[in-house]
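Some notes on the structure that comes next.
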Amino acid sequence: MKVSVTLKNDSVMLRSLRIADAEEIARLLNNRRVLDNLRDMIPFPYSVEDAKAFIAMATEESNNTIFGVEHDGAFCGVIGLHGQDDVYRHSAELGYWFGEEYWGKGIATKSVQLITEYGFEVLKLKRIYSGIFSCNPASMKVLEKCGYKLEGILKSAIIKNGILYDEYRYGMTEEDCLSLKKQ
């Protein structure tokens with residue numbers, strides 16, 4: 001799902017990633033507090049070359065829709081929908097991260113709202129879900145503010161930095177999204 005659109009909501013804009021974003025992506029991801037909430041496939045330290053490879057993947061891979069996030073013109077993070085396949089082909093996994101200096105400003109909430117609407121209205125998804133580490137209650141609050149519902153808790157499902165965590169699985173269906181819009 002190549003991204004060639006720009007989505008806006010107040011001071012937040014989702015847009016295609018650019019090679020010019022590589023240095024800022026590397027700077028923002030070279031922070032253990034950010035990485036502690038992300039999967040281990042993201043290396044530390046994170047180099048500009050790592051960022052360039054990620055941007056190439058994000059702009060080429062057909063089953064993902066990945067946006068750079070800007071707040072008041074500053075690049076502050078990444079958000080994406082990762083399309084599933086086979087019997088799950090109508091679903092996508094929502095993932096996002098933001099630089100620490102952008103936490104607690106409502107940017108994640110606005111970004112999740114934008115990409116959720118895009119997923120249902122443009123990509124014609126039927127379900128969007130996200131798995132959150134139990135050590136990340138702020139991300140759980142973001143999803144709840146956006147209307148996502150806790151679907152279950154997978155006990156000891158994640159190991160990060162040598163510690164076992166539960167995974168909190170949140171989801172939203174197309175019908176849920178339509179109901180929220182009517183309210």
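Chain labels follow the order of the structure tokens: the first chain is A, the next B, and so on; residue numbering restarts at 1 in every chain, and ligands are counted from 1 in their shown order.
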Under the rule of at most 9 Å, produce a per-residue listing of stretch 66-133 of chain A near stretch 8-32 of chain A: chain, number, name, the closest pair of atoms, and the distance in Å, as CSV, using only C-alpha atoms.
```
residue,atom,partner,partner_atom,distance
A:Ile66,CA,A:Ser16,CA,7.2
A:Phe67,CA,A:Ser16,CA,5.1
A:Gly68,CA,A:Leu17,CA,5.1
A:Val69,CA,A:Leu14,CA,4.7
A:Glu70,CA,A:Met13,CA,5.1
A:His71,CA,A:Val12,CA,4.7
A:Asp72,CA,A:Ser11,CA,5.3
A:Gly73,CA,A:Met13,CA,8.2
A:Phe75,CA,A:Glu24,CA,7.2
A:Cys76,CA,A:Leu28,CA,7.7
A:Gly77,CA,A:Ile25,CA,7.3
A:Val78,CA,A:Leu14,CA,8.5
A:Ile79,CA,A:Leu14,CA,8.1
A:Trp97,CA,A:Leu29,CA,8.9
A:Phe98,CA,A:Leu28,CA,7.6
A:Gly99,CA,A:Leu28,CA,4.9
A:Glu100,CA,A:Leu28,CA,7.5
A:Glu101,CA,A:Leu28,CA,8.9
A:Ile107,CA,A:Val12,CA,6.6
A:Lys110,CA,A:Asn9,CA,6.6
A:Ser111,CA,A:Val12,CA,6.9
A:Gln113,CA,A:Asn9,CA,8.7
A:Leu114,CA,A:Asn9,CA,7.1
A:Ile115,CA,A:Leu14,CA,8.1
```
Requested in this report: Assign secondary structure with DSSP using the backbone only, and return the residues of stretch 2-164 of chain A in strand (DSSP E or B) as JSON, numbers by chain.
Outcome: {"A": [7, 8, 9, 12, 13, 14, 15, 64, 65, 66, 67, 68, 69, 70, 71, 74, 75, 76, 77, 78, 79, 80, 81, 82, 83, 91, 92, 93, 94, 95, 96, 97, 98, 127, 128, 129, 130, 131, 132, 133, 149, 150, 151, 152, 153, 154, 155, 156, 157, 158, 159, 160, 163, 164]}
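The spacing separating atom CA of A:Ile159 from atom CA of A:Tyr46 amounts to 20.3 Å.
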Query raised in the report: With only C-alpha atoms as the basis for distance, which of A:Ile153, A:Met57, A:Val34, A:Ala108 is at the shortest distance from A:Tyr170?
Result: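 Smallest separation from A:Tyr170 among the options: A:Ile153.
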Query raised in the report: A:Cys146, A:Met140, A:Leu123, A:Ile42: which is nearest A:Thr109, counting only C-alpha atoms?
Result: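 Checking each of A:Cys146, A:Met140, A:Leu123, A:Ile42 against A:Thr109, counting only C-alpha atoms, the winner is A:Cys146.
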Query raised in the report: What does the distance between atom CA of A:Ala56 and atom CA of A:Leu7 come to in Å, to one decimal place?
Result: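 Going from atom CA of A:Ala56 over to atom CA of A:Leu7, I get 20.7 Å.
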